[in-house]
Structures are given as structure tokens and as C-alpha cells.
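> What follows is final-v1.pdb; its format and atoms are PDB, C-alpha atoms.
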```
MODEL        1
ATOM      1  CA  MET A  20     130.214 106.699  82.130
ATOM      2  CA  ALA A  21     126.789 105.332  83.015
ATOM      3  CA  MET A  22     124.673 107.359  85.426
ATOM      4  CA  ASN A  23     124.560 106.013  88.988
ATOM      5  CA  ARG A  24     120.862 105.346  89.612
ATOM      6  CA  ILE A  25     121.302 105.506  93.393
ATOM      7  CA  GLN A  26     122.988 108.922  93.328
ATOM      8  CA  PHE A  27     120.444 110.399  90.916
ATOM      9  CA  GLN A  28     117.271 108.836  92.307
ATOM     10  CA  PRO A  29     114.399 111.306  92.786
ATOM     11  CA  GLY A  30     114.250 112.955  96.194
ATOM     12  CA  LEU A  31     112.180 115.484  98.098
ATOM     13  CA  SER A  32     113.437 119.033  97.676
ATOM     14  CA  LEU A  33     113.254 121.518 100.535
ATOM     15  CA  PRO A  34     110.608 123.683  98.790
ATOM     16  CA  ALA A  35     108.499 120.566  98.169
ATOM     17  CA  PHE A  36     108.931 119.498 101.786
ATOM     18  CA  LEU A  37     107.810 122.900 103.072
ATOM     19  CA  GLN A  38     104.844 122.846 100.703
ATOM     20  CA  HIS A  39     103.619 119.585 102.243
ATOM     21  CA  PHE A  40     104.781 119.966 105.864
ATOM     22  CA  GLY A  41     105.275 123.689 106.353
ATOM     23  CA  THR A  42     102.422 124.257 108.807
ATOM     24  CA  GLU A  43     101.441 122.696 112.130
ATOM     25  CA  ALA A  44      98.082 121.637 110.692
ATOM     26  CA  GLN A  45      99.758 119.778 107.802
ATOM     27  CA  CYS A  46     102.126 117.945 110.158
ATOM     28  CA  ALA A  47      99.303 117.040 112.550
ATOM     29  CA  ALA A  48      97.155 115.713 109.700
ATOM     30  CA  THR A  49     100.076 113.631 108.396
ATOM     31  CA  LEU A  50     100.757 112.192 111.843
ATOM     32  CA  GLU A  51      97.093 111.347 112.389
ATOM     33  CA  GLN A  52      96.892 109.609 109.006
ATOM     34  CA  ALA A  53     100.056 107.632 109.750
ATOM     35  CA  ARG A  54      98.807 106.512 113.180
ATOM     36  CA  TRP A  55      95.221 105.739 112.205
ATOM     37  CA  PRO A  56      94.960 105.323 108.417
ATOM     38  CA  HIS A  57      91.384 104.013 108.779
ATOM     39  CA  GLY A  58      90.323 106.432 111.484
ATOM     40  CA  PHE A  59      90.961 106.637 115.210
ATOM     41  CA  ARG A  60      90.814 103.422 117.245
ATOM     42  CA  CYS A  61      91.010 103.470 121.017
ATOM     43  CA  PRO A  62      94.295 101.866 122.167
ATOM     44  CA  ARG A  63      92.527 100.408 125.211
ATOM     45  CA  CYS A  64      89.267  98.937 123.878
ATOM     46  CA  ASP A  65      89.809  99.223 120.086
ATOM     47  CA  GLN A  66      86.524 101.068 119.578
ATOM     48  CA  ALA A  67      86.206 103.701 116.847
ATOM     49  CA  ASP A  68      83.531 106.018 118.320
ATOM     50  CA  HIS A  69      85.177 109.039 119.892
ATOM     51  CA  TYR A  70      85.049 112.744 120.637
ATOM     52  CA  VAL A  71      87.742 115.225 119.630
ATOM     53  CA  LEU A  72      88.922 117.607 122.351
ATOM     54  CA  HIS A  73      90.542 120.855 121.257
ATOM     55  CA  GLY A  74      91.227 122.470 124.632
ATOM     56  CA  GLY A  75      94.979 121.808 124.735
ATOM     57  CA  THR A  76      97.819 122.519 122.373
ATOM     58  CA  ARG A  77      97.496 119.065 120.803
ATOM     59  CA  LYS A  78      94.479 117.336 119.352
ATOM     60  CA  THR A  79      93.124 114.802 121.855
ATOM     61  CA  PHE A  80      90.735 111.920 121.190
ATOM     62  CA  GLN A  81      88.345 110.634 123.868
ATOM     63  CA  CYS A  82      86.847 107.194 123.435
ATOM     64  CA  GLN A  83      83.062 107.151 123.821
ATOM     65  CA  THR A  84      83.157 103.623 125.254
ATOM     66  CA  CYS A  85      85.892 103.611 127.908
ATOM     67  CA  ARG A  86      86.493 107.406 128.107
ATOM     68  CA  LEU A  87      90.237 107.025 127.602
ATOM     69  CA  GLN A  88      91.839 110.230 126.313
ATOM     70  CA  THR A  89      94.630 109.810 123.765
ATOM     71  CA  SER A  90      96.781 112.686 122.570
ATOM     72  CA  LEU A  91      97.834 112.802 118.934
ATOM     73  CA  ILE A  92     101.488 112.507 119.974
ATOM     74  CA  ALA A  93     101.038 109.937 122.775
ATOM     75  CA  GLY A  94     103.081 106.796 122.197
ATOM     76  CA  THR A  95     105.162 108.396 119.443
ATOM     77  CA  VAL A  96     108.667 109.831 119.283
ATOM     78  CA  PHE A  97     107.036 113.252 119.808
ATOM     79  CA  GLN A  98     105.444 112.324 123.155
ATOM     80  CA  SER A  99     105.754 114.999 125.883
ATOM     81  CA  THR A 100     107.427 117.452 123.524
ATOM     82  CA  HIS A 101     106.737 121.164 123.779
ATOM     83  CA  LEU A 102     108.188 121.832 120.341
ATOM     84  CA  ALA A 103     106.042 122.392 117.295
ATOM     85  CA  LEU A 104     105.586 119.415 115.012
ATOM     86  CA  THR A 105     107.005 121.526 112.191
ATOM     87  CA  VAL A 106     110.356 121.551 114.036
ATOM     88  CA  TRP A 107     110.315 117.767 114.434
ATOM     89  CA  PHE A 108     109.300 117.165 110.827
ATOM     90  CA  LEU A 109     112.052 119.478 109.596
ATOM     91  CA  ALA A 110     114.558 117.614 111.777
ATOM     92  CA  ILE A 111     113.416 114.321 110.258
ATOM     93  CA  TYR A 112     113.843 115.761 106.784
ATOM     94  CA  LEU A 113     117.323 117.192 107.465
ATOM     95  CA  ILE A 114     118.651 114.027 109.110
ATOM     96  CA  SER A 115     117.234 111.734 106.427
ATOM     97  CA  GLN A 116     118.656 113.866 103.615
ATOM     98  CA  ALA A 117     122.182 114.131 105.040
ATOM     99  CA  LYS A 118     124.327 111.603 103.189
ATOM    100  CA  THR A 119     127.178 111.635 105.695
ATOM    101  CA  GLY A 120     125.125 112.262 108.814
ATOM    102  CA  LEU A 121     124.139 115.482 110.563
ATOM    103  CA  SER A 122     125.691 116.580 113.845
ATOM    104  CA  ALA A 123     123.616 117.924 116.732
ATOM    105  CA  LEU A 124     125.442 121.241 116.337
ATOM    106  CA  ALA A 125     124.445 121.528 112.674
ATOM    107  CA  LEU A 126     120.891 120.526 113.574
ATOM    108  CA  LYS A 127     120.808 123.223 116.267
ATOM    109  CA  ARG A 128     121.768 125.893 113.739
ATOM    110  CA  GLN A 129     119.240 124.801 111.132
ATOM    111  CA  LEU A 130     116.328 124.345 113.536
ATOM    112  CA  GLY A 131     117.010 127.431 115.652
ATOM    113  CA  VAL A 132     116.891 125.512 118.942
ATOM    114  CA  SER A 133     119.344 125.046 121.804
ATOM    115  CA  TYR A 134     122.115 122.468 121.559
ATOM    116  CA  PRO A 135     120.623 120.161 124.263
ATOM    117  CA  THR A 136     117.291 120.239 122.424
ATOM    118  CA  ALA A 137     118.939 119.453 119.078
ATOM    119  CA  TRP A 138     120.942 116.639 120.675
ATOM    120  CA  LEU A 139     117.804 115.110 122.210
ATOM    121  CA  ILE A 140     115.906 115.344 118.905
ATOM    122  CA  GLN A 141     118.789 113.685 117.085
ATOM    123  CA  GLN A 142     119.071 110.867 119.624
ATOM    124  CA  LYS A 143     115.333 110.148 119.625
ATOM    125  CA  LEU A 144     115.103 110.097 115.837
ATOM    126  CA  MET A 145     118.206 107.950 115.382
ATOM    127  CA  GLN A 146     116.933 105.458 117.976
ATOM    128  CA  SER A 147     113.541 105.297 116.257
ATOM    129  CA  MET A 148     115.226 104.705 112.903
ATOM    130  CA  ALA A 149     117.374 101.922 114.379
ATOM    131  CA  GLU A 150     114.350 100.202 115.946
ATOM    132  CA  ARG A 151     112.437 100.436 112.674
ATOM    133  CA  ASP A 152     115.342  99.027 110.641
ATOM    134  CA  ALA A 153     115.671  96.113 113.074
ATOM    135  CA  ARG A 154     112.180  94.939 112.084
ATOM    136  CA  TYR A 155     113.115  94.567 108.410
ATOM    137  CA  THR A 156     114.376  91.274 106.996
ATOM    138  CA  LEU A 157     116.226  90.538 103.787
ATOM    139  CA  SER A 158     114.257  88.776 101.065
ATOM    140  CA  GLY A 159     114.311  88.153  97.340
ATOM    141  CA  ALA A 160     117.640  88.655  95.576
ATOM    142  CA  VAL A 161     120.282  89.398  98.238
ATOM    143  CA  HIS A 162     123.752  90.728  97.422
ATOM    144  CA  VAL A 163     126.474  90.332 100.072
ATOM    145  CA  ASP A 164     129.935  91.907 100.085
ATOM    146  CA  ASP A 165     132.544  93.274 102.451
ATOM    147  CA  ALA A 166     132.935  96.986 103.095
ATOM    148  CA  TYR A 167     135.373  99.185 104.988
ATOM    149  CA  LEU A 168     134.854 102.441 106.842
ATOM    150  CA  GLY A 169     137.697 104.856 107.471
ATOM    151  CA  GLY A 170     140.791 106.158 105.749
ATOM    152  CA  GLU A 171     144.543 105.755 105.774
ATOM    153  CA  LEU A 172     146.587 107.049 108.697
ATOM    154  CA  THR A 173     149.681 109.061 107.863
ATOM    155  CA  GLY A 174     152.388 106.491 107.293
ATOM    156  CA  GLY A 175     149.930 103.644 107.833
ATOM    157  CA  THR A 176     149.036 100.689 105.695
ATOM    158  CA  ALA A 177     146.991 101.299 102.562
ATOM    159  CA  GLY A 178     144.131  99.150 101.345
ATOM    160  CA  ARG A 179     142.146  96.542 103.259
ATOM    161  CA  GLY A 180     144.880  96.013 105.816
ATOM    162  CA  SER A 181     144.823  99.632 107.008
ATOM    163  CA  GLU A 182     144.709  99.902 110.802
ATOM    164  CA  ASN A 183     142.363 102.873 110.403
ATOM    165  CA  LYS A 184     139.632 100.938 108.601
ATOM    166  CA  VAL A 185     136.751  99.066 110.206
ATOM    167  CA  PRO A 186     135.517  95.982 108.296
ATOM    168  CA  PHE A 187     131.813  95.373 107.712
ATOM    169  CA  VAL A 188     129.705  92.805 105.946
ATOM    170  CA  ALA A 189     126.967  94.478 103.903
ATOM    171  CA  ALA A 190     123.884  92.698 102.583
ATOM    172  CA  ILE A 191     121.294  94.317 100.311
ATOM    173  CA  SER A 192     118.002  92.861  99.101
ATOM    174  CA  LEU A 193     116.730  93.951  95.696
ATOM    175  CA  SER A 194     113.245  94.068  94.245
ATOM    176  CA  ALA A 195     112.302  92.445  90.964
ATOM    177  CA  GLU A 196     113.038  95.795  89.291
ATOM    178  CA  GLY A 197     116.530  95.900  90.795
ATOM    179  CA  THR A 198     115.903  98.696  93.298
ATOM    180  CA  ARG A 199     117.192  98.475  96.857
ATOM    181  CA  CYS A 200     114.615  97.360  99.429
ATOM    182  CA  THR A 201     116.504  96.621 102.630
ATOM    183  CA  SER A 202     120.125  96.672 103.721
ATOM    184  CA  LYS A 203     121.874  95.136 106.725
ATOM    185  CA  TRP A 204     125.337  95.960 108.025
ATOM    186  CA  ARG A 205     127.335  94.009 110.571
ATOM    187  CA  ARG A 206     130.725  94.987 111.944
ATOM    188  CA  PHE A 207     133.402  92.308 112.098
ATOM    189  CA  PRO A 208     136.699  92.442 114.047
ATOM    190  CA  ALA A 209     138.505  91.102 110.994
ATOM    191  CA  LEU A 210     137.701  89.628 107.605
ATOM    192  CA  ARG A 211     139.628  86.791 106.053
ATOM    193  CA  GLY A 212     138.784  85.899 102.476
ATOM    194  CA  ARG A 213     135.152  86.187 101.480
ATOM    195  CA  PRO A 214     132.728  87.332 104.197
ATOM    196  CA  SER A 215     130.229  85.001 105.857
ATOM    197  CA  VAL A 216     126.613  85.478 104.818
ATOM    198  CA  THR A 217     125.187  84.311 108.138
ATOM    199  CA  GLY A 218     125.031  85.759 111.626
ATOM    200  CA  PRO A 219     123.008  88.246 113.677
ATOM    201  CA  GLY A 220     122.017  91.334 111.758
ATOM    202  CA  LEU A 221     122.020  89.597 108.372
ATOM    203  CA  THR A 222     118.664  87.832 108.678
TER
ENDMDL
END
```
Would you mind giving the structure from this file in C-alpha cells?


Amino acid sequence: MAMNRIQFQPGLSLPAFLQHFGTEAQCAATLEQARWPHGFRCPRCDQADHYVLHGGTRKTFQCQTCRLQTSLIAGTVFQSTHLALTVWFLAIYLISQAKTGLSALALKRQLGVSYPTAWLIQQKLMQSMAERDARYTLSGAVHVDDAYLGGELTGGTAGRGSENKVPFVAAISLSAEGTRCTSKWRRFPALRGRPSVTGPGLT
């Protein structure tokens, strides 16, 4: 049987993750690089000249032109958090690596935080992921097919007609090398024959 390239694609192991994001300084440097890859720019006046203030728990930038102070985490999913960035980065890693999803209870146990905190982290990260995915569009070679989520109820109907299955239309765009670039999923109340390739969520 041929190897499934999706299942065996290279990933980031936990030791490798901790090597790159195991300290607060590493996480802060990564966040700063992601926000300002070409150096800090003031969000108000777009000037680059600034001072760096180290008085608080987070690195803060003060624009030399308009004097606006901007925290490293301001305007991000981490805004107003009192948790270490290492906790947030680990949560991102755990949620992104979980094939079948990660519950708030499991996240609580692995992060060592309270359940309300784990639930809030999960909700913020999932919302951010959904907003980011919504900005992607399908392009290039696009494959469309129907998909079903769920299993068979005891004594229920098997196959596509099962009352315990939810129908979806799935569309995946592939690169020239055949690797997956973007996927879109749209739930349908019912599917009859071949699925439609148009509609909200499949653009």
C-alpha cells in the first residue's frame, strides 16, 4: 500500500517546539518578528523611529514622533493577558497538532491552568483561526467532493443516508506540486447527486 503523504508529512515535534519557543524571550522575539518583520512601525503615524520601554512585564514601544505607546501584545490575540507567552504558544502548538480537536479540559491539564482560563484560550485561538481561514480563497487546481461527519446510530441507516451523519461539501486547492494549499468546507442540509461547486464558503 502506498504511503499517505498527508499522514506522514513532516511536523514539529514537542522537543523541537520547546527548543524554539521554550522561553519567554524566544516567544516575544517571534511575536515581534511576526508583527513587524521590517522593524517597528507606529500604528498611528506609521513612523519607524521609536524608544523601547522595559518598565512593565511586556516590551513597549514609544513612537518618537507622536509619542504613542504600543505594547508587544496590543492588538493581538494575547492582548490584556496576564499569562506568559510560553503558555499561549504551547496552547497554539497543542491545538494545532490535535488531529481530532482538543477539549478545554485536556488543554487545562496540559497547560496547568484553571478550566475557565483554558476555555478562554481555546475560544480565542479557535476564533482567530476561523477569521484567518476566512481570508483565504481557493485558486489553482481545485478538487471538490462531498463528505460526511458522524457515525451510525444503533439500528439506524448505514451509509450516506444515515440520520447520524452531517453532509458537507469539501473543496481543496492544490499547488503545482500537488500539496494542499487551502481547503473550504460548507455544511449542507442534504445532498442529492453530485455536490454543487458554488456558494458561500467555497470562493

> Using all atoms listed in the file for the distances, tell me which of A:Leu104, A:Leu126, A:Ala110, A:Gln116 is nearest to Cys46 in chain A.

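Closest to Cys46 in chain A, using all atoms listed in the file: A:Leu104.
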
> Hey, what's within 8 Å of range 194-204 of chain A if we count all atoms listed in the file and toss same-chain stuff fewer than 2 positions away? As a ChimeraX atom specification, please?

/A:155-157,159-160,187-192,206,220-221

> I'd like the residues picked by the PyMOL selection byres ((chain A and resi 50-66) around 9) written out as number ranges by chain, using the chain letters and numbers from the file.

A: 45-49, 67-69, 80-85, 87-89, 91-92

> Please determine, counting all atoms listed in the file, which residue among A:Gln129, A:Ser122, A:Ser158, A:Thr105 has the shortest atom-to-atom distance to Glu43 in chain A.

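Smallest distance to Glu43 in chain A is found for A:Thr105.
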
> What do you get, as a short mmCIF file (atom, residue, chain, number, x, y, z; two decimals) with C-alpha atoms, in the frame of the given file, if you spell out every residue that the PyMOL selection byres ((chain A and resi 168) around 10) selects here?


```cif
data_model
loop_
_atom_site.label_atom_id
_atom_site.label_comp_id
_atom_site.auth_asym_id
_atom_site.auth_seq_id
_atom_site.Cartn_x
_atom_site.Cartn_y
_atom_site.Cartn_z
CA ALA A 166 132.94 96.99 103.10
CA TYR A 167 135.37 99.18 104.99
CA GLY A 169 137.70 104.86 107.47
CA GLY A 170 140.79 106.16 105.75
CA ASN A 183 142.36 102.87 110.40
CA LYS A 184 139.63 100.94 108.60
CA VAL A 185 136.75 99.07 110.21
CA PRO A 186 135.52 95.98 108.30
CA PHE A 187 131.81 95.37 107.71
CA ARG A 206 130.72 94.99 111.94
#
```

> Pick out the closest residue to Leu33 in chain A from this set: A:Leu113, A:Ala123, A:Ala149, A:Val163. Count all atoms listed in the file.

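Between A:Leu113, A:Ala123, A:Ala149, A:Val163, the residue approaching Leu33 in chain A most closely is A:Leu113.
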
> Let me make sure I understand: among A:Arg151, A:Asp165, A:Lys118, A:Thr42, which one has the smallest atom-to-atom distance to Arg205 in chain A if we use all atoms listed in the file?

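Result for the nearest residue to Arg205 in chain A: A:Asp165.
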
> Centre and edge lengths, as JSON, for the axis-aligned box enclosing every listed atom of range 142-151 of chain A with 8 Å of padding on each of the six sides, in Å to one decimal?


```
{"center_x": 115.8, "center_y": 105.5, "center_z": 116.1, "size_x": 22.6, "size_y": 26.7, "size_z": 23.0}
```

> Using only C-alpha atoms, pick whichever of A:Leu193, A:Val132, A:Ala103, A:Ala117 has the shortest atom-to-atom distance to Val161 in chain A.

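Of all the options, A:Leu193 lies closest to Val161 in chain A.
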
> Could you tell me how far CA of Ala44 in chain A sits from CA of Trp107 in chain A, in Å to one decimal place?

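A separation of 13.4 Å between them.
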
> Which value, in Å to one decimal, gives the distance between CA of Val96 in chain A and CA of Lys143 in chain A?

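Atom-to-atom, CA of Val96 in chain A to CA of Lys143 in chain A, that is 6.7 Å.
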
> Between CA of Gly74 in chain A and CA of Gly41 in chain A, what is the distance, to one decimal in Å?

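Spanning CA of Gly74 in chain A to CA of Gly41 in chain A is a straight-line distance of 23.1 Å.
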